[in-house]
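J.: First the structure, then my questions, so here it is.
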Amino acid sequence: MLPTRPPAVRPSDRPGSRLRGLLRLSTRRKTAALPLLAALSGFLALPSCAKRETAVDVGLRTATLEIGNTGEPGELDPHIINSAPDYQVVPALFEGLLNFEPATLAPTPGVAERWTISPDGLTYTFHLRPNAKWSNGDACTAADFLYSFRRALSPALGSQYTLLFHPVRGAADYASGKLTDFTAVGFAAPDPLTLVLTLAHPTPYLLGMIAGNPVWFPVHRATIERHGTIDQRGTGWTRAGHLVGNGAFLLTDWRPNQVIVAEKSPHYWDAARVRLQTLRFHAIDSLDAEERSFRAGQLHVAHLPPAKATALLAAKSPLLQITPGLNSAFINVNTTRPALHDARIRRALALALDLPRIAASVNSARMLPADGIIPPGMAGYTRAARLASDPATARTLLAAAGFPGGAGFPKLELSTATGGAHELAQAIQHSWRTELGVQIAIVNRESRTHWDQMHAKNYDLALAGWNADYPDASTFLDLWKSGGGWNFSQWNDARYDALLALAATALDPAARLAHLQAGEARLLEEMPVIPLSFDRFLRLVHPSVRGWPANSTDRPDYRPIWLAAP
Amino acid sequence: MFRFITSRFLQSLLALFLVITATFFMVRFVPGGPFTAEKAVTPEILRNLEAHYGLDQPLWRQYLDYLGSLARGDLGPSFKYPNRTVNEIIFDKVPVSAELGAISLAVALVLGIALGTLAAIRRNTWVDYVASSFGMIGISIPTFVVGPLLVLALAIHLGWFNASGWYGPADRVLPALVLGIAYAAPISRLTRGGLLEVLNQDFIRTARAKGASEFRVVTRHALRGGLLPVVSFLGPAVAGILTGSFVIETIFQIPGIGREFVNSAFNRDYTLVLGTVILYAVLIMALNLAVDIAQAWMNPKVRLES
């Protein structure tokens with residue numbers, strides 16, 4: 001038992017305690033709350049001596065760019081990264097063989113200063129610049145690239161983007177473990193400054209694959225091996241103080257869930273052109289908090305809730321930056337479900353949607369209404385067939401399929417993931433009910449549950465999307481090949497497969513384009529997926545930020561950016 | 001006393017084991033896994049990843065392995081953050097949440113007890129009405145409304161504070177105030193109620209009769225009994241200030257454990273889910289025990305035998 005003290009009673013007590021003063025004052029009724037208010041306002045007034053210098057102001061003085069980064073990067077290892085915040089940081093720390101022109105996504109020199117392609121399209125020779133260096137001063141050579149490609153393809157590493165190496169001879173077999181001798185893979189380094197790639201088949205978009213994706217970036221062999229083996233995950237080599245990169249910036253601090261700091265690298269071959277001294281990536285995982293931080297002067301560049309973007313767009317705010325993205329949002333249609341196995345019904349569902357009107361009502365800033373499945377801005381691709389709303393034809397098709405006016409249509413569900421898509425789903429549901437008389441139930445699930453159900457093909461209709469892996473139409477069209485891993489519609493069409501096979505082997509660009517166009521046309525005729533929109537990237541950019549090269553891959557190039565008083 | 005603590009400790013250990021077991025299997029039965037993404041990984045790569053983390057073993061085997069490493073104090077690697085271990089994440093984040101929790105708790109206690117006491121001794125006057133309204137308003141308006149409102153006024157319009165972040169001492173002010181007010185409100189209500197009950201009792205009349213000043217009567221005699229309801233509220237509340245600070249940690253982007261606790265479930269970061277659940281289970285059990293002991297000390301009617 002704990003000791004308890006008897007209540008001590010004393011006739012008087014010590015004077016002067018603050019609480020006592022407060023209580024005594026409180027007996028004089030009218031003034032009771034005054035000291036409390038005074039204390040509170042004093043507390044609030046404490047840090048208010050003058051308007052503080054904000055981080056944005058300081059940045060102007062010190063050439064420091066404060067970036068809102070939507071969340072905490074899972075990793076900074078170019079071969080392992082897979083979430084959006086990772087892709088904002090890694091291109092600052094590493095550089096691949098090629099970079100790309102922000103506007104056209106055309107490949108530009110990176111570590112490779114020039115390259116040649118053999119007439120049969122099977123051999124690519126890259127000539128590396130002799131002054132390319134790692135951030136510790138080591139030379140960055142062809143051997144580094146060979147080592148990195150071997151690492152990225154090692155099955156045990158579990159890189160999720162090995163697919164982007166598949167055009168290279170033997171790469172797919174090495175990644176799956178069927179081939180264990182890396183020298184048999186089509187990579188070679190005849191000398192320290194020459195890298196030769198031998199392909200299995202001509203791949204006109206190979207340079208786009210190399211320029212656009214960090215899985216092609218080199219890593220520093222000595223650093224990897226100091227912390228583990230070549231194919232070991234999560235060894236901690238990417239931590240600040242360990243990481244050695246070859247990019248324009250060098251990782252100097254990584255405080256989890258707070259900030260990642262990168263300083264200008266003195267060893268970068270083009271350091272003279274880099275104007276910023278410091279990049280600070282803030283791991284702000286709430287769009288609302290990110291937007292508030294921007295308004296409080298903490299960030300130069302920030303993301304914002306889409307609904308706010310609509311308001312800023314209407315007000316023609318100069319702070320709002322809207323960039324078209326290489327992505328496509330659509331409805332996956334499970335073609336094995338009742339009614340949905342009939343192409344006429346899938347087409348009816350698609351034609352009943354007035355996408356421009358839906359986009360305007362749901363989010364005009366973010367959604368660019370789709371007129372096909374492939375977004376604009378794909379190098380060398382133009383759409384031949386277009387999708388346009390046609391409710392009358394939709395009703396005719398539905399009636400022809402045996403459901404005039406929606407009578408007797410089976411009860412189907414439209415699955416969505418929590419967070420944002422609910423309004424879109426409701427707009428679609430409304431269109432189908434009013435235009436076709438078809439009742440669809442909306443099922444809203446937590447994101448990973450939603451994706452899991454979709455991947456298990458356990459759904460009727462599901463909101464989905466795809467980001468381009470490289471700027472070529474095939475990154476989208478390949479998804480719906482018969483039996484493909486991402487063909488969640490389970491749609492098998494020999495004619496479509498044949499068109500894609502023709503496109504894959506066509507050496508003449510015009511012939512290839514024709515096959516791809518025919519492929520998209522076939523898709524829009526059969527509708528295994530119903531196109532919805534191409535989503536744009538929305539950012540707030542402070543007027544002092546100059547030369548921000550917005551591009552449709554949303555992977556910024558920080559080298560040309562500078563800060564100047566607005 | 002010793003017997004009581006020993007038996008409670010053993011009970012807690014059993015409860016902890018059940019919590020670990022239930023969490024381990026529940027998190028595995030949730031659809032989706034750590035590698036589920038909108039862009040599904042190919043079955044081949046998924047196999048490689050599962051082999052790396054031992055997820056290809058039968059579930060019972062994984063469970064035994066987990067218990068084994070847990071016995072060695074190793075909570076395993078994180079799935080979402082491959083280059084960090086769960087131990088590291090917890091040691092990194094708990095001090096932050098603890099600091100936020102301690103400051104907020106101080107704000108809550110000082111503000112709550114002061115207002116509750118004022119309301120009780122000035123019962124049915126405007127002082128009481130103001131203090132009680134504060135209590136009602138504080139309970140009714142959630143932190144995700146108060147937080148952004150304060151940010152709007154004090155950070156964006158007046159520019160006194162940062163809107164988010166956890167860098168300097170000034171960054172502690174707004175989150176601690178918002179979280180503190182949220183807990184001050186129920187504390188003020190409980191203090192008022194508890195104090196009113198005690199103030200009507202005989203020993204208070206005796207104290208007054210013996211000539212003790214009103215201040216002394218309240219602080220030395222009445223508050224001790226009057227705060228009993230507050231103390232029993234504090235056990236779960238302290239745990240709640242740490243766990244429930246998820247909202248505050250998100251509004252103000254504080255790198256605390258509350259965000260990991262919630263986000264790990266969304267990320268299906270199995271090991272981090274378990275690590276944070278174990279942490280909170282231990283915390284809640286320890287706090288409840290502490291509350292029982294404190295109550296026995298404050299109230300002679302309670303005896304620690306059961």
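In the structure tokens, chains take the letters A, B, ... in the order shown, each chain's residues start at 1, and ligands count up from 1 in the order shown.
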Find the residues near A:Leu97: any atom within 7 Å, counting only C-alpha atoms, skip ones fewer than 3 places away on the same chain, and give them as a PDB file with all heavy atoms, in the first residue's frame.
T.:
ATOM      1  N   GLY A 110      24.292  13.144 -71.738  1.00  0.00           N
ATOM      2  CA  GLY A 110      24.444  13.113 -70.287  1.00  0.00           C
ATOM      3  C   GLY A 110      25.886  12.741 -70.017  1.00  0.00           C
ATOM      4  O   GLY A 110      26.790  13.467 -70.422  1.00  0.00           O
ATOM      5  N   VAL A 111      26.100  11.591 -69.363  1.00  0.00           N
ATOM      6  CA  VAL A 111      27.476  11.118 -69.214  1.00  0.00           C
ATOM      7  C   VAL A 111      28.027  10.753 -70.597  1.00  0.00           C
ATOM      8  O   VAL A 111      29.215  10.922 -70.868  1.00  0.00           O
ATOM      9  CB  VAL A 111      27.538   9.912 -68.253  1.00  0.00           C
ATOM     10  CG1 VAL A 111      28.952   9.358 -68.199  1.00  0.00           C
ATOM     11  CG2 VAL A 111      27.070  10.316 -66.865  1.00  0.00           C
ATOM     12  N   ALA A 112      27.164  10.289 -71.477  1.00  0.00           N
ATOM     13  CA  ALA A 112      27.584  10.046 -72.863  1.00  0.00           C
ATOM     14  C   ALA A 112      27.533  11.368 -73.617  1.00  0.00           C
ATOM     15  O   ALA A 112      26.505  12.036 -73.620  1.00  0.00           O
ATOM     16  CB  ALA A 112      26.654   9.038 -73.518  1.00  0.00           C
TER      17      ALA A 112
END
J.: Would you kindly report the residues of chain B within 7 Å of chain A, using only C-alpha atoms, as a count of residues only?
T.: 42
J.: In Å, with one decimal, what is the gap from atom CA of A:Met367 to atom CA of A:His430?
T.: 18.2 Å
J.: Name the residues of stretch 135-222 of chain A that fall into alpha helix (DSSP H) according to DSSP on the backbone, using the chain letters and numbers of this document, as an MDAnalysis selection string.
T.: chainID A and resid 142:153 171:176 206:212 221:222
J.: Since we have the selection now, will you write its residues out, keeping N, CA and C atoms, as a PDB file, in the first residue's frame?
T.:
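The resulting result21.pdb:
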ATOM      1  N   ALA A 142      32.901   3.529 -68.328  1.00  0.00           N
ATOM      2  CA  ALA A 142      32.023   2.511 -68.896  1.00  0.00           C
ATOM      3  C   ALA A 142      31.921   1.298 -67.967  1.00  0.00           C
ATOM      4  N   ALA A 143      33.011   1.016 -67.241  1.00  0.00           N
ATOM      5  CA  ALA A 143      32.984  -0.124 -66.313  1.00  0.00           C
ATOM      6  C   ALA A 143      31.956   0.105 -65.207  1.00  0.00           C
ATOM      7  N   ASP A 144      31.820   1.355 -64.773  1.00  0.00           N
ATOM      8  CA  ASP A 144      30.805   1.677 -63.760  1.00  0.00           C
ATOM      9  C   ASP A 144      29.406   1.353 -64.286  1.00  0.00           C
ATOM     10  N   PHE A 145      29.178   1.668 -65.567  1.00  0.00           N
ATOM     11  CA  PHE A 145      27.861   1.387 -66.142  1.00  0.00           C
ATOM     12  C   PHE A 145      27.616  -0.119 -66.256  1.00  0.00           C
ATOM     13  N   LEU A 146      28.641  -0.844 -66.666  1.00  0.00           N
ATOM     14  CA  LEU A 146      28.487  -2.307 -66.754  1.00  0.00           C
ATOM     15  C   LEU A 146      28.124  -2.888 -65.395  1.00  0.00           C
ATOM     16  N   TYR A 147      28.857  -2.446 -64.365  1.00  0.00           N
ATOM     17  CA  TYR A 147      28.604  -2.930 -63.012  1.00  0.00           C
ATOM     18  C   TYR A 147      27.167  -2.600 -62.590  1.00  0.00           C
ATOM     19  N   SER A 148      26.739  -1.373 -62.907  1.00  0.00           N
ATOM     20  CA  SER A 148      25.408  -0.919 -62.492  1.00  0.00           C
ATOM     21  C   SER A 148      24.305  -1.710 -63.183  1.00  0.00           C
ATOM     22  N   PHE A 149      24.499  -1.977 -64.494  1.00  0.00           N
ATOM     23  CA  PHE A 149      23.479  -2.728 -65.225  1.00  0.00           C
ATOM     24  C   PHE A 149      23.400  -4.157 -64.669  1.00  0.00           C
ATOM     25  N   ARG A 150      24.566  -4.722 -64.327  1.00  0.00           N
ATOM     26  CA  ARG A 150      24.579  -6.064 -63.753  1.00  0.00           C
ATOM     27  C   ARG A 150      23.832  -6.075 -62.420  1.00  0.00           C
ATOM     28  N   ARG A 151      24.070  -5.027 -61.641  1.00  0.00           N
ATOM     29  CA  ARG A 151      23.392  -4.922 -60.347  1.00  0.00           C
ATOM     30  C   ARG A 151      21.883  -4.797 -60.543  1.00  0.00           C
ATOM     31  N   ALA A 152      21.462  -3.869 -61.410  1.00  0.00           N
ATOM     32  CA  ALA A 152      20.035  -3.624 -61.604  1.00  0.00           C
ATOM     33  C   ALA A 152      19.317  -4.891 -62.062  1.00  0.00           C
ATOM     34  N   LEU A 153      20.029  -5.723 -62.843  1.00  0.00           N
ATOM     35  CA  LEU A 153      19.402  -6.929 -63.388  1.00  0.00           C
ATOM     36  C   LEU A 153      19.501  -8.130 -62.449  1.00  0.00           C
ATOM     37  N   ALA A 171      19.159  -9.666 -71.566  1.00  0.00           N
ATOM     38  CA  ALA A 171      18.874  -8.981 -70.290  1.00  0.00           C
ATOM     39  C   ALA A 171      17.693  -9.623 -69.564  1.00  0.00           C
ATOM     40  N   ALA A 172      16.646  -9.966 -70.325  1.00  0.00           N
ATOM     41  CA  ALA A 172      15.458 -10.552 -69.692  1.00  0.00           C
ATOM     42  C   ALA A 172      15.817 -11.889 -69.036  1.00  0.00           C
ATOM     43  N   ASP A 173      16.630 -12.683 -69.720  1.00  0.00           N
ATOM     44  CA  ASP A 173      17.010 -13.981 -69.166  1.00  0.00           C
ATOM     45  C   ASP A 173      17.889 -13.828 -67.930  1.00  0.00           C
ATOM     46  N   TYR A 174      18.787 -12.818 -67.958  1.00  0.00           N
ATOM     47  CA  TYR A 174      19.627 -12.596 -66.785  1.00  0.00           C
ATOM     48  C   TYR A 174      18.768 -12.158 -65.594  1.00  0.00           C
ATOM     49  N   ALA A 175      17.787 -11.291 -65.858  1.00  0.00           N
ATOM     50  CA  ALA A 175      16.935 -10.786 -64.775  1.00  0.00           C
ATOM     51  C   ALA A 175      16.085 -11.898 -64.166  1.00  0.00           C
ATOM     52  N   SER A 176      15.722 -12.887 -65.001  1.00  0.00           N
ATOM     53  CA  SER A 176      14.877 -13.959 -64.471  1.00  0.00           C
ATOM     54  C   SER A 176      15.715 -15.089 -63.884  1.00  0.00           C
ATOM     55  N   LEU A 206      14.491   3.131 -77.579  1.00  0.00           N
ATOM     56  CA  LEU A 206      15.486   2.767 -76.564  1.00  0.00           C
ATOM     57  C   LEU A 206      16.102   4.000 -75.894  1.00  0.00           C
ATOM     58  N   LEU A 207      16.436   5.037 -76.706  1.00  0.00           N
ATOM     59  CA  LEU A 207      17.078   6.207 -76.113  1.00  0.00           C
ATOM     60  C   LEU A 207      16.147   6.874 -75.101  1.00  0.00           C
ATOM     61  N   GLY A 208      14.846   6.869 -75.392  1.00  0.00           N
ATOM     62  CA  GLY A 208      13.873   7.428 -74.456  1.00  0.00           C
ATOM     63  C   GLY A 208      13.835   6.647 -73.156  1.00  0.00           C
ATOM     64  N   MET A 209      13.962   5.319 -73.270  1.00  0.00           N
ATOM     65  CA  MET A 209      13.996   4.476 -72.066  1.00  0.00           C
ATOM     66  C   MET A 209      15.217   4.810 -71.213  1.00  0.00           C
ATOM     67  N   ILE A 210      16.365   4.985 -71.886  1.00  0.00           N
ATOM     68  CA  ILE A 210      17.615   5.240 -71.161  1.00  0.00           C
ATOM     69  C   ILE A 210      17.575   6.615 -70.498  1.00  0.00           C
ATOM     70  N   ALA A 211      17.048   7.623 -71.242  1.00  0.00           N
ATOM     71  CA  ALA A 211      17.064   8.992 -70.717  1.00  0.00           C
ATOM     72  C   ALA A 211      16.077   9.163 -69.576  1.00  0.00           C
ATOM     73  N   GLY A 212      14.966   8.434 -69.653  1.00  0.00           N
ATOM     74  CA  GLY A 212      13.873   8.745 -68.737  1.00  0.00           C
ATOM     75  C   GLY A 212      13.894   8.014 -67.426  1.00  0.00           C
ATOM     76  N   ARG A 221      30.685   1.656 -57.614  1.00  0.00           N
ATOM     77  CA  ARG A 221      30.977   0.288 -57.207  1.00  0.00           C
ATOM     78  C   ARG A 221      31.604   0.196 -55.813  1.00  0.00           C
ATOM     79  N   ALA A 222      32.628   0.999 -55.567  1.00  0.00           N
ATOM     80  CA  ALA A 222      33.342   0.902 -54.283  1.00  0.00           C
ATOM     81  C   ALA A 222      32.385   1.190 -53.118  1.00  0.00           C
TER      82      ALA A 222
END
J.: Quick one: everything within 6 Å of A:Leu122, counting only C-alpha atoms, minus sequence neighbours fewer than 3 positions away in the same chain. Send it as a PyMOL selection string.
T.: chain A and resi 198-199+202
J.: Ranking A:Tyr87, A:Phe488, A:Phe476, A:Phe330 by minimum distance to B:Ala40 and counting only C-alpha atoms, which one comes first?
T.: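 The shortest atom-to-atom distance to B:Ala40 comes from A:Phe488.
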